[in-house]
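Participant: Below is one structure. I have some questions about it.
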Amino acid sequence: MNERTGVEERQRTTGELPGFFGTHEPLPADEIRPEVWDLIDQWVAAHPGGRERLIPLLHRVQEEIGYLPFPVQEYVAQQLALSPIEVYGVVSFYHFFTTNPRGRYQLKVCMGTACFVRQGQRVLEAIESLLAIGIGDVTEDRLFSLEQVRCIGACGLAPAMMVNDEVHGHLTATEVRKLVRKLRARARRESAASAEEEASGDEPA
Amino acid sequence: MATNLPDSAIPNPLTRTDLAAIRNALSTQLATRLESRRGETPVRREVLVCAGGACVSCHADSVAQALRDEVAGAGLQDAVRVVEVGCMGLCDAGPLALVVPDGVYYPMLDPEKVQRVVSEHLAGNTPVADLELAWETPEGKLLHSREVPFFARQQKIALRNCGVIDPASIEEYIAADGYRALEQVLFELEPDEVLTVIKRSGLRGRGGAGFPAGLKWQFVREAVGDVKYVVCNADEGDPGAFMDRSILEGDPLSVIEAMTIAGRVIGSRQGYIYVRAEYPLAIERLEGAIENAWRCGLLGPDILGSGHTFEVEIRIGAGAFVCGEETALMRSIEGQRGTPRPRPPFPAQRGLWNRPTLLNNVETWANVPPILLRGADWYAGIGTQRSKGTKVFALAGAVRNTGLVEVPMGVSLAEVVEEIGGGMRSGLPFKAAQSGGPSGGCIPASAADTPIDYESLQELGAIMGSGGLIVMDSSTCMVELARFFLEFVVDESCGKCPPCRIGTRVMLNTLEEITAGRGRLEDLDLLESMAAHIKGTALCGLGQTGPNPVLSTLRHFREEYEAHVVDRRCPAGQCKALLTYSISEELCNGCGLCAKACPSDAISGTIKHVHSVNQELCIHCGSCLTACPTGALVGH
Ligand SMILES: Cc1cc2nc3c(=O)[nH]c(=O)nc-3n(C[C@H](O)[C@H](O)[C@H](O)COP(=O)(O)O)c2cc1C
Ligand code: FES
């Protein structure tokens, strides 16, 4: 049923071909590393089967690059013999999949019931006004992205949010401000450190 | 003291004799984990550290490591063993540990406390009184550890192993009577006899609808087809519920054993567990459990030499609430968009890939092995006339003891909230509890004496649901609560059927008008009639139950809706548009953040001096409230 006839033999390039989703002008940061194509090839080869492989494969790819850019979706479609719209249909249906790159710090604010009852809305509002971004957005410097999630299982710590994989609980607007300041400082420190490393790495030992 | 058999010592595959040997070797030691023996110095102790999801997020792993280091430092490594176990239930008190056989709980551990526990209790044999979990009763009596009502009032069947065994150890599961039920089913009982036991026990589905489990098994057993599937629904979509997650994290093998049993009864060789992606720890532990079971020959071909073959695979969801609905879930496993389809045909006839499929919820599965071991009569003796056994609730919200509790069906809500839950954290009065999440309804404090079972809750306009129980005190606005749940339904509606896609959107708009202070009295009737239409015409349970939170709050708290539309007042003080804002002179530090945040220049003041709100200009947006760092801004 899902057999797709006449799949175009396609170069594994990103921007050149006017694909199903139109042309893309990926930002340098979004350039898809060649390993990603290999990863897809290998995964498909290691998992024989039909369409039921689509969601597990998308999980695997998003785990690797953090989001699912259109060229990747098209490549996945081609490899599983589906049409791009079938893949996009699945990607857009499930909240977990995203077509936007995420920030270095992914803020996931819990909007589950327990957090709602303990004023989780205030946490979300505080972040939105502080970073001037909405849900699903990423700050211009790509430092922060904001998502809302439904219950992260830390109801005892409500209102709670996750910064990447780390849970922060009992939040208030003030706590949030402090946390953001801390994360900014951490990012600055880290990039200073890596710049230094690069600089010292250049010097002959 | 290696109490667990080393991996290499486990014969592969296991025989029934091996199972008996493991039980012999370990069961006495496991039994001490349930004891409370004080005042004597045991030869060996174990420290059980809760490694449930909530405790892990408060760094329980570093506490466990600190315990190990201190124990080794004190030279006690032969007398004390540190074991990481599943969720103990009292999530508010994490990181939590239990010293056995003394039966002493230590809540909120940190490195300093760990040091004292090791030197005073484990080395010095005197429990650390000021660190032990304690609870003062209303009569002023001080209770400790296991006597604390949170633990004392529970009866654990589905959670029997959670917080007791190491979820990563198949030996401990076996020693805790694991796989005895499967042995019975493979070697002693006919499939029809198993069916009879499940049916007579009265077990009903714990995923929400409460359908009799035995009957469902029978339908799938009788369905024609040589390929059949067994599915475990671990999508647990109700936001604020974490029962299923805790079972998977704390006792994954009980679900796998139960599915293996069902495979034998209905004639299936393949099972799937559909877990939501938001539960990485549960997925990790399940993967480990499946691997262990394979390694021991308890999954795979010819299990224990019986000729029964069964395999289990994990499928990971991708964040869609509707995928908890059984037909949508199966589509999702097939790699499609997770939209539901009309029933009949039911999954028992046409399920995964159109084959007969038996689908049950995690907690339903976890009840199966004890029912087979202890008998239908034992199980049917617990609970009420029509709701048998126990129910696990995830207690959260305004209550003091957030956590996981398992109680017999038929206990009252008051008992759960006031005694086990310890009452309101804020000290404000208890207002209502929401059961069944976005598909359920609220139970007002005035009905708190109602016994909790499927039928009584239905009469109140709520449902048992999967077990999320969110407690609210008087600071929660019930209109805003209804709006919250409806927003969730609108977000999660898959868009396939118009009543759900459009109808719930119209209802949400109406509720937004009400909470924004623009509601009219007619709106309340509109909400009621829309709700009736949606419930009668939506395709799946999502739409059919989505209006319930609105209907039940309208039923029990109509005066609160009226206050919003007639008096333009939010009695709970939560709806921003209906509040009057002012600045407390004592608390204002003159930082000016509120004035900066105000979009209508309604706030004036000079830096470092108390600011004030001009009520004429205020547009009641609440931005200042969010901006104020000192809590000086108040809305009432
Ligand atoms: C919108 C919707 C969401 C649901 N979510 C879940 C869920 O998260 N977990 C679950 O076990 N059942 C859920 N159900 C119920 C399932 O459709 C199904 O009835 C249940 O899993 C059957 O198992 P049981 O008989 O053991 O309860 C949901 C139903 C609907 C309509
Ligand atoms: S509702 Fe926020 S962690 Fe559960």
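Chain labels A, B, ... are given in the sequence in which chains occur in the structure tokens; within each chain residues are numbered consecutively from 1, and ligands are likewise numbered from 1 in the order shown.
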Report as a Markdown table the residues of chain A within 12 Å of ligand 2, each with its shortest atom pair and distance in Å (one decimal), using only C-alpha atoms and all ligand atoms, ordered by chain and increasing residue number.

Facilitator:
| residue | atom | partner | partner_atom_place_in_ligand_line | distance |
| --- | --- | --- | --- | --- |
| A:Lys108 | CA | ligand 2 | 2 (Fe) | 10.4 |
| A:Val109 | CA | ligand 2 | 2 (Fe) | 8.1 |
| A:Cys110 | CA | ligand 2 | 2 (Fe) | 4.6 |
| A:Met111 | CA | ligand 2 | 2 (Fe) | 5.9 |
| A:Gly112 | CA | ligand 2 | 1 (S) | 3.4 |
| A:Thr113 | CA | ligand 2 | 1 (S) | 4.7 |
| A:Ala114 | CA | ligand 2 | 1 (S) | 4.0 |
| A:Cys115 | CA | ligand 2 | 2 (Fe) | 4.2 |
| A:Phe116 | CA | ligand 2 | 1 (S) | 6.9 |
| A:Val117 | CA | ligand 2 | 1 (S) | 8.5 |
| A:Arg118 | CA | ligand 2 | 2 (Fe) | 9.0 |
| A:Gln119 | CA | ligand 2 | 2 (Fe) | 10.2 |
| A:Gly120 | CA | ligand 2 | 2 (Fe) | 7.8 |
| A:Gln121 | CA | ligand 2 | 2 (Fe) | 10.9 |
| A:Val123 | CA | ligand 2 | 2 (Fe) | 11.5 |
| A:Gln148 | CA | ligand 2 | 2 (Fe) | 10.2 |
| A:Val149 | CA | ligand 2 | 2 (Fe) | 8.2 |
| A:Arg150 | CA | ligand 2 | 1 (S) | 6.5 |
| A:Cys151 | CA | ligand 2 | 4 (Fe) | 3.7 |
| A:Ile152 | CA | ligand 2 | 3 (S) | 4.3 |
| A:Gly153 | CA | ligand 2 | 3 (S) | 4.4 |
| A:Ala154 | CA | ligand 2 | 3 (S) | 3.9 |
| A:Cys155 | CA | ligand 2 | 4 (Fe) | 3.7 |
| A:Gly156 | CA | ligand 2 | 3 (S) | 7.2 |
| A:Leu157 | CA | ligand 2 | 3 (S) | 7.0 |
| A:Ala158 | CA | ligand 2 | 2 (Fe) | 5.6 |
| A:Pro159 | CA | ligand 2 | 2 (Fe) | 6.0 |
| A:Ala160 | CA | ligand 2 | 2 (Fe) | 5.7 |
| A:Met161 | CA | ligand 2 | 2 (Fe) | 7.5 |
| A:Met162 | CA | ligand 2 | 3 (S) | 9.5 |
| A:Val167 | CA | ligand 2 | 3 (S) | 9.3 |
| A:His168 | CA | ligand 2 | 3 (S) | 10.0 |
| A:Gly169 | CA | ligand 2 | 3 (S) | 8.6 |
| A:His170 | CA | ligand 2 | 2 (Fe) | 10.4 |
| A:Leu171 | CA | ligand 2 | 2 (Fe) | 11.2 |

Participant: Could you list, as a list in words, every residue within 9 Å of B:Ala432, counting only C-alpha atoms and ignoring same-chain residues fewer than 3 positions away?

Facilitator: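 Selected residues are Cys442, Ile443, Pro444, Ala445, Ser446, Ala447, Ala448, Ile470, Val471, Met472, Asp473 and Ser474 of chain B.
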
Participant: Okay, now the selection with N, CA and C atoms, as a CSV table (one decimal), in the first residue's frame?

Facilitator:
chain,number,residue,atom,x,y,z
B,442,CYS,N,-14.0,17.0,38.7
B,442,CYS,CA,-13.6,17.3,40.0
B,442,CYS,C,-14.5,16.7,41.1
B,443,ILE,N,-14.0,16.3,42.2
B,443,ILE,CA,-14.8,15.9,43.3
B,443,ILE,C,-14.7,17.0,44.4
B,444,PRO,N,-15.8,17.7,44.7
B,444,PRO,CA,-15.7,18.8,45.6
B,444,PRO,C,-15.4,18.3,47.0
B,445,ALA,N,-14.9,19.2,47.9
B,445,ALA,CA,-14.6,18.8,49.3
B,445,ALA,C,-15.8,18.3,49.9
B,446,SER,N,-17.0,18.9,49.5
B,446,SER,CA,-18.2,18.5,50.2
B,446,SER,C,-18.6,17.0,49.9
B,447,ALA,N,-18.0,16.4,48.9
B,447,ALA,CA,-18.3,15.0,48.6
B,447,ALA,C,-17.1,14.1,49.0
B,448,ALA,N,-16.2,14.6,49.9
B,448,ALA,CA,-15.0,13.9,50.2
B,448,ALA,C,-15.2,12.6,50.9
B,470,ILE,N,-5.3,15.1,41.4
B,470,ILE,CA,-4.7,16.4,41.7
B,470,ILE,C,-5.5,17.1,42.7
B,471,VAL,N,-4.9,17.5,43.8
B,471,VAL,CA,-5.6,18.1,44.9
B,471,VAL,C,-5.5,19.6,44.8
B,472,MET,N,-6.6,20.3,45.1
B,472,MET,CA,-6.6,21.8,45.0
B,472,MET,C,-7.1,22.4,46.3
B,473,ASP,N,-6.4,23.5,46.7
B,473,ASP,CA,-6.9,24.2,47.8
B,473,ASP,C,-7.7,25.5,47.3
B,474,SER,N,-8.1,26.3,48.2
B,474,SER,CA,-9.0,27.4,47.9
B,474,SER,C,-8.3,28.4,46.9

Participant: Let me make sure I understand: among A:Lys178, A:Arg122, A:His47, A:Arg104, which one has the smallest atom-to-atom distance to chain B if we use only C-alpha atoms?

Facilitator: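 Counting only C-alpha atoms, the residue closest to chain B is A:Arg122.
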
Participant: Which residues in stretch 114-255 of chain B does DSSP call strand (DSSP E)? List them as a PyMOL selection string.

Facilitator: chain B and resi 134-136+142-144+229-234

Participant: At a cut-off of 8 Å and counting only C-alpha atoms and all ligand atoms, what residues surround ligand 1? Please answer as a CSV table (one decimal) with all heavy atoms, in the first residue's frame.

Facilitator:
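Output contents, as saved in out_0.csv:
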chain,number,residue,atom,x,y,z
B,204,ARG,N,-10.6,-5.1,36.9
B,204,ARG,CA,-11.0,-4.2,35.8
B,204,ARG,C,-9.9,-3.4,35.3
B,204,ARG,O,-9.0,-3.1,36.1
B,204,ARG,CB,-12.2,-3.3,36.3
B,204,ARG,CG,-13.4,-4.2,36.6
B,204,ARG,CD,-14.5,-3.3,37.3
B,204,ARG,NE,-15.0,-2.3,36.5
B,204,ARG,CZ,-16.1,-1.5,36.8
B,204,ARG,NH1,-16.6,-1.7,38.0
B,204,ARG,NH2,-16.5,-0.6,36.0
B,205,GLY,N,-9.9,-3.0,34.0
B,205,GLY,CA,-8.8,-2.3,33.4
B,205,GLY,C,-8.5,-1.0,34.2
B,205,GLY,O,-9.4,-0.3,34.6
B,206,ARG,N,-7.2,-0.8,34.4
B,206,ARG,CA,-6.8,0.4,35.2
B,206,ARG,C,-6.5,1.6,34.3
B,206,ARG,O,-6.0,2.6,34.8
B,206,ARG,CB,-5.6,0.1,36.1
B,206,ARG,CG,-5.9,-1.1,37.1
B,206,ARG,CD,-6.8,-0.5,38.2
B,206,ARG,NE,-6.9,-1.5,39.3
B,206,ARG,CZ,-8.0,-2.2,39.6
B,206,ARG,NH1,-9.1,-2.1,38.9
B,206,ARG,NH2,-8.0,-3.1,40.6
B,207,GLY,N,-6.7,1.5,33.0
B,207,GLY,CA,-6.3,2.6,32.1
B,207,GLY,C,-7.4,3.7,32.0
B,207,GLY,O,-7.2,4.7,31.3
B,208,GLY,N,-8.5,3.5,32.7
B,208,GLY,CA,-9.5,4.5,32.6
B,208,GLY,C,-10.9,4.0,32.6
B,208,GLY,O,-11.8,4.4,33.4
B,209,ALA,N,-11.2,3.2,31.6
B,209,ALA,CA,-12.6,2.8,31.4
B,209,ALA,C,-13.1,1.7,32.3
B,209,ALA,O,-14.3,1.5,32.4
B,209,ALA,CB,-12.7,2.4,29.9
B,210,GLY,N,-12.2,0.9,32.9
B,210,GLY,CA,-12.6,-0.1,33.8
B,210,GLY,C,-13.3,-1.3,33.2
B,210,GLY,O,-14.1,-1.9,33.8
B,211,PHE,N,-12.9,-1.6,32.0
B,211,PHE,CA,-13.5,-2.8,31.4
B,211,PHE,C,-13.0,-4.1,32.0
B,211,PHE,O,-11.8,-4.2,32.3
B,211,PHE,CB,-13.2,-2.8,29.9
B,211,PHE,CG,-13.9,-3.8,29.1
B,211,PHE,CD1,-15.2,-3.6,28.7
B,211,PHE,CD2,-13.4,-5.1,28.8
B,211,PHE,CE1,-16.0,-4.5,28.0
B,211,PHE,CE2,-14.1,-6.0,28.1
B,211,PHE,CZ,-15.4,-5.7,27.7
B,212,PRO,N,-13.8,-5.1,32.3
B,212,PRO,CA,-13.4,-6.3,33.0
B,212,PRO,C,-12.3,-7.0,32.2
B,212,PRO,O,-12.4,-7.3,31.0
B,212,PRO,CB,-14.6,-7.2,33.0
B,212,PRO,CG,-15.8,-6.2,32.9
B,212,PRO,CD,-15.3,-5.1,32.1
B,213,ALA,N,-11.1,-7.2,32.8
B,213,ALA,CA,-10.0,-7.7,32.2
B,213,ALA,C,-10.2,-9.1,31.6
B,213,ALA,O,-9.8,-9.5,30.5
B,213,ALA,CB,-8.7,-7.7,33.1
B,216,LYS,N,-12.1,-9.3,28.4
B,216,LYS,CA,-11.3,-8.9,27.3
B,216,LYS,C,-10.4,-10.0,26.9
B,216,LYS,O,-10.2,-10.4,25.7
B,216,LYS,CB,-10.5,-7.7,27.6
B,216,LYS,CG,-10.0,-6.9,26.4
B,216,LYS,CD,-9.0,-5.8,26.8
B,216,LYS,CE,-9.7,-4.5,27.2
B,216,LYS,NZ,-8.7,-3.4,27.3
B,232,CYS,N,1.0,-3.6,25.9
B,232,CYS,CA,0.9,-2.9,27.1
B,232,CYS,C,0.8,-1.4,26.9
B,232,CYS,O,1.7,-0.9,26.2
B,232,CYS,CB,2.1,-3.3,28.0
B,232,CYS,SG,2.2,-2.2,29.5
B,233,ASN,N,-0.2,-0.8,27.4
B,233,ASN,CA,-0.4,0.6,27.2
B,233,ASN,C,0.4,1.4,28.3
B,233,ASN,O,-0.1,1.4,29.4
B,233,ASN,CB,-1.8,1.0,27.2
B,233,ASN,CG,-2.1,2.4,26.8
B,233,ASN,OD1,-1.2,3.3,26.9
B,233,ASN,ND2,-3.4,2.8,26.5
B,234,ALA,N,1.5,1.9,28.0
B,234,ALA,CA,2.3,2.7,28.9
B,234,ALA,C,2.5,4.1,28.4
B,234,ALA,O,3.6,4.7,28.6
B,234,ALA,CB,3.7,2.0,29.2
B,235,ASP,N,1.4,4.6,27.8
B,235,ASP,CA,1.6,6.0,27.3
B,235,ASP,C,1.3,7.0,28.4
B,235,ASP,O,1.7,8.2,28.2
B,235,ASP,CB,0.6,6.1,26.1
B,235,ASP,CG,0.9,7.4,25.3
B,235,ASP,OD1,2.1,7.5,25.0
B,235,ASP,OD2,0.0,8.1,24.9
B,236,GLU,N,0.6,6.6,29.4
B,236,GLU,CA,0.3,7.5,30.5
B,236,GLU,C,0.3,9.0,30.2
B,236,GLU,O,1.2,9.7,30.5
B,236,GLU,CB,1.3,7.3,31.7
B,236,GLU,CG,0.9,7.9,33.0
B,236,GLU,CD,1.5,7.2,34.2
B,236,GLU,OE1,2.7,7.2,34.3
B,236,GLU,OE2,0.8,6.6,34.9
B,237,GLY,N,-0.8,9.4,29.5
B,237,GLY,CA,-0.8,10.8,29.0
B,237,GLY,C,-1.4,11.8,30.0
B,237,GLY,O,-1.1,13.0,29.8
B,238,ASP,N,-2.1,11.4,31.0
B,238,ASP,CA,-2.7,12.3,31.9
B,238,ASP,C,-1.6,13.1,32.6
B,238,ASP,O,-0.8,12.6,33.3
B,238,ASP,CB,-3.6,11.5,32.9
B,238,ASP,CG,-4.1,12.4,34.1
B,238,ASP,OD1,-3.8,13.6,34.0
B,238,ASP,OD2,-4.7,11.8,35.0
B,321,PHE,N,-1.0,12.9,23.2
B,321,PHE,CA,-1.9,12.3,24.2
B,321,PHE,C,-2.9,11.3,23.7
B,321,PHE,O,-3.1,10.3,24.3
B,321,PHE,CB,-2.7,13.5,24.9
B,321,PHE,CG,-3.7,13.1,25.9
B,321,PHE,CD1,-3.4,12.4,27.0
B,321,PHE,CD2,-5.1,13.3,25.6
B,321,PHE,CE1,-4.3,12.1,27.9
B,321,PHE,CE2,-6.0,12.9,26.5
B,321,PHE,CZ,-5.7,12.3,27.7
B,322,VAL,N,-3.4,11.6,22.5
B,322,VAL,CA,-4.4,10.8,21.9
B,322,VAL,C,-3.9,9.3,21.6
B,322,VAL,O,-4.6,8.4,21.5
B,322,VAL,CB,-5.0,11.4,20.6
B,322,VAL,CG1,-4.0,11.3,19.4
B,322,VAL,CG2,-6.3,10.8,20.2
B,323,CYS,N,-2.6,9.2,21.5
B,323,CYS,CA,-2.0,7.9,21.3
B,323,CYS,C,-2.2,6.9,22.5
B,323,CYS,O,-1.9,5.7,22.4
B,323,CYS,CB,-0.5,8.0,21.0
B,323,CYS,SG,-0.2,8.5,19.3
B,324,GLY,N,-2.7,7.5,23.6
B,324,GLY,CA,-3.1,6.6,24.8
B,324,GLY,C,-4.3,5.8,24.4
B,324,GLY,O,-4.6,4.8,25.0
B,325,GLU,N,-5.1,6.4,23.5
B,325,GLU,CA,-6.3,5.7,23.1
B,325,GLU,C,-5.9,4.5,22.3
B,325,GLU,O,-5.1,4.5,21.4
B,325,GLU,CB,-7.2,6.7,22.2
B,325,GLU,CG,-8.6,6.3,22.1
B,325,GLU,CD,-8.9,5.3,21.0
B,325,GLU,OE1,-8.0,5.1,20.1
B,325,GLU,OE2,-9.9,4.6,21.0
B,326,GLU,N,-6.6,3.4,22.5
B,326,GLU,CA,-6.1,2.1,22.0
B,326,GLU,C,-5.9,2.0,20.5
B,326,GLU,O,-4.9,1.5,20.0
B,326,GLU,CB,-6.9,0.9,22.6
B,326,GLU,CG,-8.4,1.0,22.4
B,326,GLU,CD,-9.1,-0.1,23.2
B,326,GLU,OE1,-8.6,-0.6,24.1
B,326,GLU,OE2,-10.3,-0.4,22.7
B,327,THR,N,-6.9,2.5,19.8
B,327,THR,CA,-6.8,2.4,18.3
B,327,THR,C,-5.7,3.3,17.8
B,327,THR,O,-5.0,2.9,16.8
B,327,THR,CB,-8.1,2.6,17.6
B,327,THR,OG1,-8.5,4.0,17.9
B,327,THR,CG2,-9.2,1.7,18.1
B,359,LEU,N,-5.0,-5.6,24.6
B,359,LEU,CA,-4.3,-4.4,25.1
B,359,LEU,C,-4.8,-4.1,26.5
B,359,LEU,O,-6.0,-4.0,26.8
B,359,LEU,CB,-4.6,-3.3,24.1
B,359,LEU,CG,-4.0,-1.9,24.4
B,359,LEU,CD1,-3.6,-1.3,23.0
B,359,LEU,CD2,-4.8,-1.0,25.1
B,360,ASN,N,-3.8,-4.0,27.4
B,360,ASN,CA,-4.1,-3.6,28.8
B,360,ASN,C,-3.1,-2.6,29.3
B,360,ASN,O,-2.0,-2.4,28.7
B,360,ASN,CB,-4.1,-4.8,29.8
B,360,ASN,CG,-5.4,-5.6,29.8
B,360,ASN,OD1,-5.4,-6.8,29.5
B,360,ASN,ND2,-6.5,-4.9,30.0
B,361,ASN,N,-3.5,-1.9,30.3
B,361,ASN,CA,-2.7,-0.9,30.9
B,361,ASN,C,-1.7,-1.5,31.9
B,361,ASN,O,-1.8,-2.6,32.3
B,361,ASN,CB,-3.7,0.1,31.7
B,361,ASN,CG,-3.0,0.9,32.7
B,361,ASN,OD1,-2.9,0.5,33.9
B,361,ASN,ND2,-2.6,2.1,32.3
B,362,VAL,N,-0.6,-0.7,32.1
B,362,VAL,CA,0.5,-1.2,32.9
B,362,VAL,C,0.0,-1.7,34.3
B,362,VAL,O,0.4,-2.8,34.7
B,362,VAL,CB,1.5,0.0,33.2
B,362,VAL,CG1,2.6,-0.4,34.2
B,362,VAL,CG2,2.2,0.4,31.9
B,363,GLU,N,-0.8,-0.9,34.9
B,363,GLU,CA,-1.2,-1.3,36.3
B,363,GLU,C,-2.1,-2.6,36.2
B,363,GLU,O,-2.0,-3.4,37.1
B,363,GLU,CB,-1.9,-0.2,36.9
B,363,GLU,CG,-2.2,-0.4,38.4
B,363,GLU,CD,-3.1,0.8,39.0
B,363,GLU,OE1,-3.0,1.9,38.5
B,363,GLU,OE2,-3.8,0.5,39.9
B,364,THR,N,-2.9,-2.7,35.2
B,364,THR,CA,-3.7,-3.9,35.0
B,364,THR,C,-2.8,-5.1,35.0
B,364,THR,O,-3.0,-6.1,35.6
B,364,THR,CB,-4.6,-3.8,33.7
B,364,THR,OG1,-5.1,-2.5,33.6
B,364,THR,CG2,-5.7,-4.8,33.7
B,365,TRP,N,-1.8,-5.0,34.1
B,365,TRP,CA,-0.8,-6.1,34.0
B,365,TRP,C,-0.2,-6.4,35.3
B,365,TRP,O,0.0,-7.6,35.7
B,365,TRP,CB,0.3,-5.7,33.0
B,365,TRP,CG,-0.2,-5.7,31.5
B,365,TRP,CD1,-0.1,-4.7,30.7
B,365,TRP,CD2,-0.7,-6.8,30.8
B,365,TRP,NE1,-0.6,-5.0,29.4
B,365,TRP,CE2,-1.0,-6.3,29.5
B,365,TRP,CE3,-1.0,-8.2,31.1
B,365,TRP,CZ2,-1.5,-7.2,28.5
B,365,TRP,CZ3,-1.5,-9.0,30.1
B,365,TRP,CH2,-1.8,-8.5,28.8
B,439,SER,N,-9.9,14.0,31.0
B,439,SER,CA,-11.1,13.2,30.7
B,439,SER,C,-12.0,13.1,31.9
B,439,SER,O,-13.1,12.6,31.8
B,439,SER,CB,-10.8,11.8,30.3
B,439,SER,OG,-9.9,11.8,29.3
B,466,SER,N,-7.1,7.0,35.1
B,466,SER,CA,-5.9,6.1,35.3
B,466,SER,C,-5.3,6.3,36.7
B,466,SER,O,-4.5,5.4,37.1
B,466,SER,CB,-4.9,6.4,34.2
B,466,SER,OG,-4.5,7.7,34.3
B,540,CYS,N,-13.7,9.6,19.3
B,540,CYS,CA,-13.0,8.7,20.3
B,540,CYS,C,-13.2,9.3,21.7
B,540,CYS,O,-13.8,10.4,21.9
B,540,CYS,CB,-11.6,8.6,20.0
B,540,CYS,SG,-10.5,9.9,20.5
B,541,GLY,N,-12.7,8.6,22.6
B,541,GLY,CA,-12.8,9.0,24.0
B,541,GLY,C,-12.2,10.3,24.3
B,541,GLY,O,-12.7,11.0,25.3
B,542,LEU,N,-11.3,10.8,23.5
B,542,LEU,CA,-10.7,12.2,23.8
B,542,LEU,C,-11.8,13.2,23.7
B,542,LEU,O,-12.0,14.0,24.7
B,542,LEU,CB,-9.6,12.5,22.8
B,542,LEU,CG,-8.9,13.8,22.9
B,542,LEU,CD1,-8.3,14.0,24.3
B,542,LEU,CD2,-7.9,14.0,21.9
B,543,GLY,N,-12.6,13.2,22.6
B,543,GLY,CA,-13.7,14.2,22.5
B,543,GLY,C,-14.8,13.9,23.4
B,543,GLY,O,-15.5,14.7,24.0
B,544,GLN,N,-15.1,12.6,23.5
B,544,GLN,CA,-16.3,12.2,24.3
B,544,GLN,C,-16.2,12.5,25.7
B,544,GLN,O,-17.2,12.7,26.4
B,544,GLN,CB,-16.5,10.6,24.1
B,544,GLN,CG,-17.1,10.3,22.8
B,544,GLN,CD,-16.8,8.8,22.4
B,544,GLN,OE1,-16.4,8.0,23.3
B,544,GLN,NE2,-17.0,8.4,21.2
B,545,THR,N,-14.9,12.6,26.2
B,545,THR,CA,-14.7,13.0,27.6
B,545,THR,C,-14.1,14.3,27.8
B,545,THR,O,-14.1,14.8,29.0
B,545,THR,CB,-13.8,11.9,28.3
B,545,THR,OG1,-12.5,12.0,27.6
B,545,THR,CG2,-14.4,10.5,28.3

Participant: Record the distance separating atom CA of B:His144 and atom CA of B:Gly103, expressed in Å with one decimal.

Facilitator: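 Taking atom CA of B:His144 and atom CA of B:Gly103, their separation equals 9.7 Å.
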
Participant: Which residues come within 8 Å of stretch 97-99 of chain A, counting only C-alpha atoms, excluding same-chain residues fewer than 6 positions away, as number ranges by chain?

Facilitator: A: 58-59, 62, 67-70, 91; B: 318

Participant: Could the residues in this selection be saved with N, CA and C atoms as a compact mmCIF listing (two decimals), in the first residue's frame?

Facilitator:
# COMPACT_ATOMS: atom_id res chain seq x y z
N LEU A 58 12.99 8.14 13.17
CA LEU A 58 12.95 9.58 13.43
C LEU A 58 13.49 9.89 14.83
N HIS A 59 13.12 9.03 15.80
CA HIS A 59 13.66 9.20 17.16
C HIS A 59 15.18 9.17 17.15
N GLN A 62 16.61 12.33 15.50
CA GLN A 62 16.46 13.54 16.32
C GLN A 62 17.37 13.48 17.54
N TYR A 67 16.96 17.87 15.96
CA TYR A 67 15.73 18.24 15.25
C TYR A 67 15.69 17.54 13.92
N LEU A 68 14.60 17.76 13.17
CA LEU A 68 14.44 17.02 11.93
C LEU A 68 14.28 17.98 10.75
N PRO A 69 15.38 18.49 10.24
CA PRO A 69 15.30 19.42 9.11
C PRO A 69 14.70 18.72 7.89
N PHE A 70 14.11 19.52 7.00
CA PHE A 70 13.40 18.93 5.86
C PHE A 70 14.25 18.01 4.99
N VAL A 91 5.86 13.62 11.37
CA VAL A 91 6.68 14.56 12.14
C VAL A 91 5.80 15.67 12.73
N ALA B 318 5.70 9.50 20.86
CA ALA B 318 6.37 10.72 20.43
C ALA B 318 5.56 11.94 20.85

Participant: Name the residues of stretch 239-466 of chain B that come out as alpha helix (DSSP H) in a backbone DSSP run; write them as a PyMOL selection string.

Facilitator: chain B and resi 243-250+252-266+280-295+326-333+362-374+376-380+413-414+454-459

Participant: Which value, in Å to one decimal, gives the distance between atom CA of B:Leu304 and atom CA of B:Asp166?

Facilitator: 23.2 Å

Participant: Do you know which residues are at most 9 Å from A:Tyr94 counting only C-alpha atoms, after dropping those on the same chain fewer than 5 positions away, and could you put them as a count of residues only?

Facilitator: 7

Participant: For chain B against chain A, which residues fall within 8 Å using only C-alpha atoms, given as an MDAnalysis selection string?

Facilitator: chainID B and resid 53:54 57:58 91:92 239:242 277:278 315:316 318:320 333:338 396:398 402:403 437 470 472 476 494 626:627 629

Participant: Would you work out the distance separating atom CA of B:Glu291 from atom CA of B:Glu313, expressed in Å to one decimal?

Facilitator: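 Separation between atom CA of B:Glu291 and atom CA of B:Glu313: 10.5 Å.
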